[in-house]
file run-v5.pdb (PDB, C-alpha atoms and all ligand atoms)
ATOM      1  CA  MET A   1     -17.217  16.211  -4.090
ATOM      2  CA  ASN A   2     -15.685  17.985  -7.094
ATOM      3  CA  LEU A   3     -12.104  17.502  -8.215
ATOM      4  CA  ASN A   4     -10.859  20.881  -6.965
ATOM      5  CA  LYS A   5     -12.203  20.210  -3.500
ATOM      6  CA  MET A   6     -10.649  16.743  -3.450
ATOM      7  CA  VAL A   7      -7.257  18.110  -4.491
ATOM      8  CA  ALA A   8      -7.516  20.833  -1.839
ATOM      9  CA  ASN A   9      -8.324  18.219   0.794
ATOM     10  CA  TYR A  10      -5.417  16.051  -0.340
ATOM     11  CA  LEU A  11      -2.980  18.965  -0.092
ATOM     12  CA  ARG A  12      -4.335  19.862   3.337
ATOM     13  CA  GLN A  13      -3.804  16.285   4.488
ATOM     14  CA  THR A  14      -0.264  16.054   3.166
ATOM     15  CA  GLU A  15       0.576  19.444   4.661
ATOM     16  CA  GLU A  16      -0.591  18.197   8.061
ATOM     17  CA  LEU A  17       1.793  15.254   7.780
ATOM     18  CA  PHE A  18       4.743  16.676   5.906
ATOM     19  CA  GLY A  19       4.633  20.467   6.224
ATOM     20  CA  ASP A  20       5.447  22.056   2.889
ATOM     21  CA  GLU A  21       8.018  19.415   1.851
ATOM     22  CA  LEU A  22       5.827  17.839  -0.811
ATOM     23  CA  TYR A  23       5.196  21.172  -2.467
ATOM     24  CA  LEU A  24       8.922  21.738  -2.817
ATOM     25  CA  ASP A  25       9.764  18.315  -4.192
ATOM     26  CA  SER A  26       7.282  15.585  -5.003
ATOM     27  CA  LYS A  27       9.935  12.851  -4.763
ATOM     28  CA  LEU A  28       9.732  11.251  -1.349
ATOM     29  CA  GLU A  29      13.162   9.728  -1.810
ATOM     30  CA  SER A  30      14.670  13.197  -1.796
ATOM     31  CA  THR A  31      14.107  13.384   1.959
ATOM     32  CA  SER A  32      16.673  11.751   4.199
ATOM     33  CA  LYS A  33      15.911   8.221   5.316
ATOM     34  CA  SER A  34      14.913   7.696   8.919
ATOM     35  CA  GLU A  35      17.734   6.322  11.079
ATOM     36  CA  ASN A  36      15.341   4.040  12.891
ATOM     37  CA  PRO A  37      12.354   3.304  10.643
ATOM     38  CA  GLY A  38      10.944   0.720  13.064
ATOM     39  CA  ASP A  39      10.592   3.214  15.904
ATOM     40  CA  GLU A  40       9.355   5.933  13.596
ATOM     41  CA  LEU A  41       6.754   3.672  11.998
ATOM     42  CA  GLU A  42       5.475   2.587  15.399
ATOM     43  CA  LYS A  43       5.302   6.195  16.598
ATOM     44  CA  PHE A  44       3.326   7.080  13.484
ATOM     45  CA  HIS A  45       1.075   4.041  14.001
ATOM     46  CA  GLN A  46       0.234   5.227  17.509
ATOM     47  CA  GLU A  47      -0.467   8.737  16.206
ATOM     48  CA  ILE A  48      -3.048   7.645  13.640
ATOM     49  CA  LYS A  49      -4.563   4.413  15.032
ATOM     50  CA  ASP A  50      -7.708   6.171  16.264
ATOM     51  CA  CYS A  51      -8.231   8.070  12.999
ATOM     52  CA  GLN A  52     -11.793   9.068  12.197
ATOM     53  CA  LYS A  53     -11.096  11.202   9.135
ATOM     54  CA  CYS A  54     -13.506   9.289   6.968
ATOM     55  CA  SER A  55     -16.629   7.294   7.707
ATOM     56  CA  LEU A  56     -14.734   3.968   7.703
ATOM     57  CA  GLY A  57     -13.360   4.870  11.113
ATOM     58  CA  ALA A  58     -16.815   4.330  12.590
ATOM     59  CA  THR A  59     -17.395   0.909  11.008
ATOM     60  CA  ARG A  60     -13.990  -0.762  11.340
ATOM     61  CA  ASN A  61     -13.247  -3.392  13.963
ATOM     62  CA  LYS A  62      -9.465  -3.051  13.784
ATOM     63  CA  PHE A  63      -7.252  -0.377  12.300
ATOM     64  CA  VAL A  64      -4.832  -2.123   9.896
ATOM     65  CA  PHE A  65      -1.604  -0.127   9.817
ATOM     66  CA  GLY A  66       0.765  -2.603   8.161
ATOM     67  CA  VAL A  67       3.112  -5.425   9.038
ATOM     68  CA  GLY A  68       6.624  -6.526   8.232
ATOM     69  CA  ASP A  69      10.247  -5.545   8.237
ATOM     70  CA  PRO A  70      10.591  -1.751   8.629
ATOM     71  CA  ASN A  71      13.970  -1.940   6.890
ATOM     72  CA  ALA A  72      12.568  -3.817   3.886
ATOM     73  CA  ASN A  73      13.366  -2.603   0.391
ATOM     74  CA  LEU A  74      10.089  -4.101  -0.908
ATOM     75  CA  MET A  75       6.697  -2.706   0.084
ATOM     76  CA  LEU A  76       3.528  -4.508  -1.023
ATOM     77  CA  VAL A  77       0.375  -2.407  -1.132
ATOM     78  CA  GLY A  78      -3.200  -3.658  -1.329
ATOM     79  CA  GLU A  79      -6.325  -1.578  -1.681
ATOM     80  CA  ALA A  80      -7.908  -1.974   1.769
ATOM     81  CA  PRO A  81      -8.424  -4.515   4.559
ATOM     82  CA  GLY A  82     -10.940  -7.304   4.006
ATOM     83  CA  ALA A  83     -13.063  -9.058   6.610
ATOM     84  CA  GLU A  84     -10.280 -11.196   8.103
ATOM     85  CA  GLU A  85      -7.843  -8.290   8.115
ATOM     86  CA  ASP A  86     -10.445  -6.130   9.855
ATOM     87  CA  ARG A  87     -10.942  -8.865  12.453
ATOM     88  CA  LEU A  88      -7.237  -9.462  13.109
ATOM     89  CA  GLY A  89      -5.707  -6.033  12.430
ATOM     90  CA  GLU A  90      -3.156  -7.420   9.968
ATOM     91  CA  PRO A  91      -3.066  -7.057   6.166
ATOM     92  CA  PHE A  92      -3.227 -10.053   3.817
ATOM     93  CA  VAL A  93      -4.257 -12.850   6.153
ATOM     94  CA  GLY A  94      -6.543 -15.781   5.360
ATOM     95  CA  ARG A  95      -6.161 -17.921   2.227
ATOM     96  CA  ALA A  96      -4.944 -15.067   0.042
ATOM     97  CA  GLY A  97      -2.399 -14.113   2.685
ATOM     98  CA  LYS A  98      -1.113 -17.677   2.881
ATOM     99  CA  LEU A  99      -0.666 -17.752  -0.881
ATOM    100  CA  LEU A 100       1.163 -14.434  -0.710
ATOM    101  CA  ASP A 101       3.474 -15.899   1.952
ATOM    102  CA  LYS A 102       4.285 -18.794  -0.411
ATOM    103  CA  ILE A 103       5.030 -16.395  -3.274
ATOM    104  CA  LEU A 104       7.307 -14.370  -0.986
ATOM    105  CA  ALA A 105       9.098 -17.536   0.146
ATOM    106  CA  ALA A 106       9.758 -18.319  -3.528
ATOM    107  CA  ILE A 107      11.714 -15.056  -3.800
ATOM    108  CA  SER A 108      13.500 -15.761  -0.488
ATOM    109  CA  ARG A 109      11.491 -13.280   1.544
ATOM    110  CA  SER A 110       8.776 -13.338   4.174
ATOM    111  CA  ARG A 111       6.513 -10.834   5.861
ATOM    112  CA  ASN A 112       9.142 -10.602   8.623
ATOM    113  CA  LYS A 113      12.181 -10.398   6.358
ATOM    114  CA  ASP A 114      12.747  -7.794   3.661
ATOM    115  CA  VAL A 115       9.046  -7.179   3.013
ATOM    116  CA  TYR A 116       6.556  -4.692   4.405
ATOM    117  CA  ILE A 117       2.846  -5.130   3.661
ATOM    118  CA  CYS A 118       0.127  -2.535   3.975
ATOM    119  CA  ASN A 119      -2.918  -1.079   2.220
ATOM    120  CA  VAL A 120      -3.903   2.281   0.793
ATOM    121  CA  LEU A 121      -6.860   2.429   3.212
ATOM    122  CA  LYS A 122      -6.237   1.464   6.818
ATOM    123  CA  CYS A 123      -9.880   0.580   7.540
ATOM    124  CA  ARG A 124     -12.216  -1.886   5.850
ATOM    125  CA  PRO A 125     -14.857  -0.600   3.438
ATOM    126  CA  PRO A 126     -18.211  -2.283   4.195
ATOM    127  CA  ASN A 127     -18.876  -5.431   2.155
ATOM    128  CA  ASN A 128     -15.387  -5.172   0.642
ATOM    129  CA  ARG A 129     -16.498  -2.518  -1.818
ATOM    130  CA  ASP A 130     -13.815  -0.540  -3.647
ATOM    131  CA  PRO A 131     -12.382   2.499  -1.841
ATOM    132  CA  LEU A 132     -14.263   5.727  -2.529
ATOM    133  CA  ALA A 133     -12.333   8.673  -3.922
ATOM    134  CA  GLN A 134     -12.852  10.705  -0.766
ATOM    135  CA  GLU A 135     -11.597   7.846   1.437
ATOM    136  CA  VAL A 136      -8.430   7.679  -0.667
ATOM    137  CA  VAL A 137      -7.968  11.440  -0.366
ATOM    138  CA  GLU A 138      -8.157  11.172   3.415
ATOM    139  CA  CYS A 139      -6.047   8.030   3.838
ATOM    140  CA  GLU A 140      -3.385   8.041   1.111
ATOM    141  CA  PRO A 141      -1.184  10.584   2.933
ATOM    142  CA  TYR A 142      -0.697   7.929   5.636
ATOM    143  CA  LEU A 143       0.731   5.564   3.020
ATOM    144  CA  LEU A 144       2.944   8.349   1.709
ATOM    145  CA  LYS A 145       4.318   8.877   5.177
ATOM    146  CA  GLN A 146       4.980   5.140   5.628
ATOM    147  CA  ILE A 147       6.912   5.216   2.341
ATOM    148  CA  ARG A 148       8.789   8.310   3.385
ATOM    149  CA  ILE A 149       9.863   6.673   6.639
ATOM    150  CA  MET A 150      10.911   3.382   5.025
ATOM    151  CA  GLN A 151      12.050   4.574   1.599
ATOM    152  CA  PRO A 152      11.705   1.136  -0.029
ATOM    153  CA  LYS A 153      13.459   0.441  -3.310
ATOM    154  CA  LEU A 154      10.279  -0.884  -4.911
ATOM    155  CA  LEU A 155       6.517  -0.696  -4.396
ATOM    156  CA  VAL A 156       4.254  -3.465  -5.657
ATOM    157  CA  ALA A 157       0.526  -2.794  -5.940
ATOM    158  CA  LEU A 158      -1.431  -6.025  -5.485
ATOM    159  CA  GLY A 159      -4.458  -6.045  -7.759
ATOM    160  CA  ARG A 160      -6.184  -3.756 -10.224
ATOM    161  CA  VAL A 161      -7.891  -1.615  -7.589
ATOM    162  CA  ALA A 162      -4.664  -0.937  -5.681
ATOM    163  CA  GLY A 163      -2.900  -0.169  -8.969
ATOM    164  CA  LYS A 164      -5.499   2.228 -10.307
ATOM    165  CA  THR A 165      -5.881   3.902  -6.926
ATOM    166  CA  LEU A 166      -2.159   4.605  -6.630
ATOM    167  CA  LEU A 167      -1.631   5.501 -10.281
ATOM    168  CA  LYS A 168      -4.842   7.559 -10.524
ATOM    169  CA  LEU A 169      -5.905   5.971 -13.765
ATOM    170  CA  GLU A 170      -8.790   3.876 -15.005
ATOM    171  CA  ALA A 171      -7.184   0.918 -16.706
ATOM    172  CA  PRO A 172      -7.461  -2.843 -16.750
ATOM    173  CA  LEU A 173      -4.778  -4.757 -14.889
ATOM    174  CA  LYS A 174      -3.261  -6.017 -18.131
ATOM    175  CA  ASP A 175      -2.428  -2.431 -19.116
ATOM    176  CA  MET A 176      -0.759  -1.703 -15.770
ATOM    177  CA  ARG A 177       1.244  -4.956 -15.510
ATOM    178  CA  GLY A 178       4.723  -5.299 -16.997
ATOM    179  CA  LYS A 179       5.588  -1.617 -16.614
ATOM    180  CA  LEU A 180       7.779   0.193 -14.158
ATOM    181  CA  HIS A 181       5.564   3.059 -12.955
ATOM    182  CA  ASP A 182       6.508   5.941 -10.694
ATOM    183  CA  TYR A 183       4.792   6.734  -7.408
ATOM    184  CA  TYR A 184       6.145  10.011  -6.032
ATOM    185  CA  GLY A 185       9.687   9.025  -6.974
ATOM    186  CA  THR A 186       9.523   5.354  -5.955
ATOM    187  CA  PRO A 187       9.303   2.702  -8.716
ATOM    188  CA  LEU A 188       5.988   0.840  -8.695
ATOM    189  CA  ILE A 189       4.948  -2.445 -10.294
ATOM    190  CA  VAL A 190       1.364  -3.669 -10.496
ATOM    191  CA  THR A 191       0.614  -7.373 -10.318
ATOM    192  CA  TYR A 192      -2.234  -9.712  -9.446
ATOM    193  CA  HIS A 193      -3.955  -9.748  -6.076
ATOM    194  CA  PRO A 194      -3.360 -13.173  -4.485
ATOM    195  CA  ALA A 195      -7.140 -13.613  -4.169
ATOM    196  CA  ALA A 196      -7.340 -13.421  -7.982
ATOM    197  CA  LEU A 197      -4.752 -16.212  -8.187
ATOM    198  CA  LEU A 198      -6.913 -18.319  -5.874
ATOM    199  CA  ARG A 199      -9.936 -17.728  -8.096
ATOM    200  CA  ASN A 200      -8.052 -18.410 -11.305
ATOM    201  CA  ALA A 201      -4.975 -20.641 -11.024
ATOM    202  CA  GLY A 202      -4.298 -20.035 -14.720
ATOM    203  CA  LEU A 203      -2.974 -16.591 -13.763
ATOM    204  CA  LYS A 204      -0.206 -18.023 -11.597
ATOM    205  CA  PRO A 205       2.477 -18.356 -14.327
ATOM    206  CA  ALA A 206       2.088 -14.678 -15.246
ATOM    207  CA  ALA A 207       2.197 -13.698 -11.566
ATOM    208  CA  TRP A 208       5.373 -15.724 -11.155
ATOM    209  CA  GLU A 209       6.922 -13.844 -14.088
ATOM    210  CA  ASP A 210       6.079 -10.595 -12.273
ATOM    211  CA  PHE A 211       7.689 -11.769  -9.042
ATOM    212  CA  LYS A 212      10.813 -12.967 -10.852
ATOM    213  CA  TRP A 213      11.067  -9.460 -12.321
ATOM    214  CA  ILE A 214      10.496  -7.973  -8.855
ATOM    215  CA  ARG A 215      13.295 -10.133  -7.457
ATOM    216  CA  SER A 216      15.668  -9.107 -10.251
ATOM    217  CA  ILE A 217      15.014  -5.414  -9.550
ATOM    218  CA  LEU A 218      15.619  -5.885  -5.840
ATOM    219  CA  ASP A 219      18.774  -7.903  -6.397
ATOM    220  CA  ASN A 220      20.360  -5.337  -8.717
TER
HETATM  221  S1  LIG B   1      -9.746   4.694   6.205
HETATM  222 FE1  LIG B   1      -7.973   5.992   6.659
HETATM  223  S2  LIG B   1      -8.787   8.082   6.711
HETATM  224 FE2  LIG B   1     -10.533   6.672   6.930
HETATM  225  S3  LIG B   1     -10.805   6.485   9.147
HETATM  226 FE3  LIG B   1      -9.496   4.777   8.451
HETATM  227  S4  LIG B   1      -7.409   5.534   8.763
HETATM  228 FE4  LIG B   1      -8.751   7.318   8.827
END
call {"tool": "encode", "arguments": {"input": "run-v5.pdb", "output": "structure tokens", "more": "lines below"}}
Ligand code: SF4
result
Amino acid sequence: MNLNKMVANYLRQTEELFGDELYLDSKLESTSKSENPGDELEKFHQEIKDCQKCSLGATRNKFVFGVGDPNANLMLVGEAPGAEEDRLGEPFVGRAGKLLDKILAAISRSRNKDVYICNVLKCRPPNNRDPLAQEVVECEPYLLKQIRIMQPKLLVALGRVAGKTLLKLEAPLKDMRGKLHDYYGTPLIVTYHPAALLRNAGLKPAAWEDFKWIRSILDN
């Protein structure tokens, strides 16, 4: 699919979800915050849980919408569900999820308190391959709507693939880390995927520096 067609598809998708709001102002924070984000998120979940907009709808076991505190000011975003997430319908479970829970506890948060966790894609790509461009075009508007409902103070992309998918750039993780990016008006930080920290414990000190920075942003 060529770039023009992908952009046209993306605009069609966002128009379906938001009307013409995004064309008028690309900053999601400019819209008023939902009075009851929990109810609104659940309503949206029910609306899209049977989505078949891309081919991953046919191969998923469970649709993985997201989990956590709908009033959280921190939203963590991964690239897509893995095998365990696909089996259980929850993002970041298994060993990597447990490590993430420990990291969150170290900044006095948990997946039920002041954190919301989701992915760019809501369905698992076969064999954990990276999301395809067309899948992102179809699914990213769902993430945008989750952000619009919650209006978190900070987004954190977990891993290189999540970072490059959200920022639309081809770059190594080291070039994306340590910077405050912008994602449609919401500040975005990119840090390591917890699975990378399991593979290479030597990365943990740098990840901890990132999460201390994340905590300082949230506390100010
Ligand atoms: S990955 Fe997203 S767009 Fe594709 S079927 Fe699942 S929910 Fe729909």
call {"tool": "axis_aligned_box", "arguments": {"input": "run-v5.pdb", "around": "ligand LIG 1 (chain B)", "padding_each_side": "4 Å", "output": "lines of an AutoDock Vina configuration file"}}
result
center_x = -9.1
center_y = 6.4
center_z = 7.7
size_x = 11.4
size_y = 11.4
size_z = 10.9
call {"tool": "residues_near_point", "arguments": {"input": "run-v5.pdb", "point": "(6.4, -14.6, -9.9)", "cutoff": "10 Å", "atoms": "all atoms listed in the file", "output": "PyMOL selection string"}}
result
chain A and resi 103-104+106-107+191-192+204-215
call {"tool": "atom_distance", "arguments": {"input": "run-v5.pdb", "atom1": "atom CA of Lys43 of chain A", "atom2": "atom CA of Pro131 of chain A"}}
result
25.8 Å
call {"tool": "atom_distance", "arguments": {"input": "run-v5.pdb", "atom1": "atom CA of Leu76 of chain A", "atom2": "atom CA of Leu188 of chain A"}}
result
9.7 Å
call {"tool": "residues_near_ligand", "arguments": {"input": "run-v5.pdb", "ligand": "ligand LIG 1 (chain B)", "cutoff": "12 Å", "atoms": "only C-alpha atoms and all ligand atoms", "output": "short mmCIF file (atom, residue, chain, number, x, y, z; two decimals) with C-alpha atoms, in the frame of the given file"}}
result
data_model
loop_
_atom_site.label_atom_id
_atom_site.label_comp_id
_atom_site.auth_asym_id
_atom_site.auth_seq_id
_atom_site.Cartn_x
_atom_site.Cartn_y
_atom_site.Cartn_z
CA ASN A 9 -8.32 18.22 0.79
CA TYR A 10 -5.42 16.05 -0.34
CA GLN A 13 -3.80 16.28 4.49
CA PHE A 44 3.33 7.08 13.48
CA HIS A 45 1.08 4.04 14.00
CA GLN A 46 0.23 5.23 17.51
CA GLU A 47 -0.47 8.74 16.21
CA ILE A 48 -3.05 7.64 13.64
CA LYS A 49 -4.56 4.41 15.03
CA ASP A 50 -7.71 6.17 16.26
CA CYS A 51 -8.23 8.07 13.00
CA GLN A 52 -11.79 9.07 12.20
CA LYS A 53 -11.10 11.20 9.14
CA CYS A 54 -13.51 9.29 6.97
CA SER A 55 -16.63 7.29 7.71
CA LEU A 56 -14.73 3.97 7.70
CA GLY A 57 -13.36 4.87 11.11
CA ALA A 58 -16.82 4.33 12.59
CA THR A 59 -17.40 0.91 11.01
CA ARG A 60 -13.99 -0.76 11.34
CA ASN A 61 -13.25 -3.39 13.96
CA LYS A 62 -9.46 -3.05 13.78
CA PHE A 63 -7.25 -0.38 12.30
CA VAL A 64 -4.83 -2.12 9.90
CA PHE A 65 -1.60 -0.13 9.82
CA GLY A 66 0.76 -2.60 8.16
CA GLU A 79 -6.32 -1.58 -1.68
CA ALA A 80 -7.91 -1.97 1.77
CA PRO A 81 -8.42 -4.51 4.56
CA ASP A 86 -10.44 -6.13 9.86
CA ASN A 119 -2.92 -1.08 2.22
CA VAL A 120 -3.90 2.28 0.79
CA LEU A 121 -6.86 2.43 3.21
CA LYS A 122 -6.24 1.46 6.82
CA CYS A 123 -9.88 0.58 7.54
CA ARG A 124 -12.22 -1.89 5.85
CA PRO A 125 -14.86 -0.60 3.44
CA PRO A 126 -18.21 -2.28 4.20
CA ASP A 130 -13.82 -0.54 -3.65
CA PRO A 131 -12.38 2.50 -1.84
CA LEU A 132 -14.26 5.73 -2.53
CA ALA A 133 -12.33 8.67 -3.92
CA GLN A 134 -12.85 10.70 -0.77
CA GLU A 135 -11.60 7.85 1.44
CA VAL A 136 -8.43 7.68 -0.67
CA VAL A 137 -7.97 11.44 -0.37
CA GLU A 138 -8.16 11.17 3.42
CA CYS A 139 -6.05 8.03 3.84
CA GLU A 140 -3.38 8.04 1.11
CA PRO A 141 -1.18 10.58 2.93
CA TYR A 142 -0.70 7.93 5.64
CA LEU A 143 0.73 5.56 3.02
#
call {"tool": "residues_around", "arguments": {"input": "run-v5.pdb", "residues": "Arg111 of chain A", "least_positions_apart": "3", "cutoff": "9 Å", "atoms": "only C-alpha atoms", "output": "PyMOL selection string"}}
result
chain A and resi 67-69+101+104+114-117
call {"tool": "closest_residue", "arguments": {"input": "run-v5.pdb", "among": "A:Leu173, A:Glu40, A:Ser110, A:Glu35", "to": "Gln146 of chain A", "atoms": "only C-alpha atoms"}}
result
A:Glu40
call {"tool": "atom_distance", "arguments": {"input": "run-v5.pdb", "atom1": "atom CA of Asp39 of chain A", "atom2": "atom CA of Pro152 of chain A"}}
result
16.1 Å
call {"tool": "closest_residue", "arguments": {"input": "run-v5.pdb", "among": "A:Lys98, A:Arg129, A:Lys179, A:Lys145", "to": "Pro37 of chain A", "atoms": "only C-alpha atoms"}}
result
A:Lys145
call {"tool": "closest_residue", "arguments": {"input": "run-v5.pdb", "among": "A:Val156, A:Met176, A:Cys118, A:Leu169", "to": "Val93 of chain A", "atoms": "all atoms listed in the file"}}
result
A:Cys118
call {"tool": "residues_near_point", "arguments": {"input": "run-v5.pdb", "point": "(-1.9, 3.1, -10.2)", "cutoff": "10 Å", "atoms": "only C-alpha atoms", "output": "list in words"}}
result
Ala157, Gly159, Arg160, Val161, Ala162, Gly163, Lys164, Thr165, Leu166, Leu167, Lys168, Leu169, Glu170, Ala171, Leu173, Met176, His181, Asp182, Tyr183, Leu188, Ile189 and Val190 of chain A
call {"tool": "closest_residue", "arguments": {"input": "run-v5.pdb", "among": "A:Ser216, A:Pro187, A:Phe92, A:Ala72", "to": "Gly38 of chain A", "atoms": "all atoms listed in the file"}}
result
A:Ala72
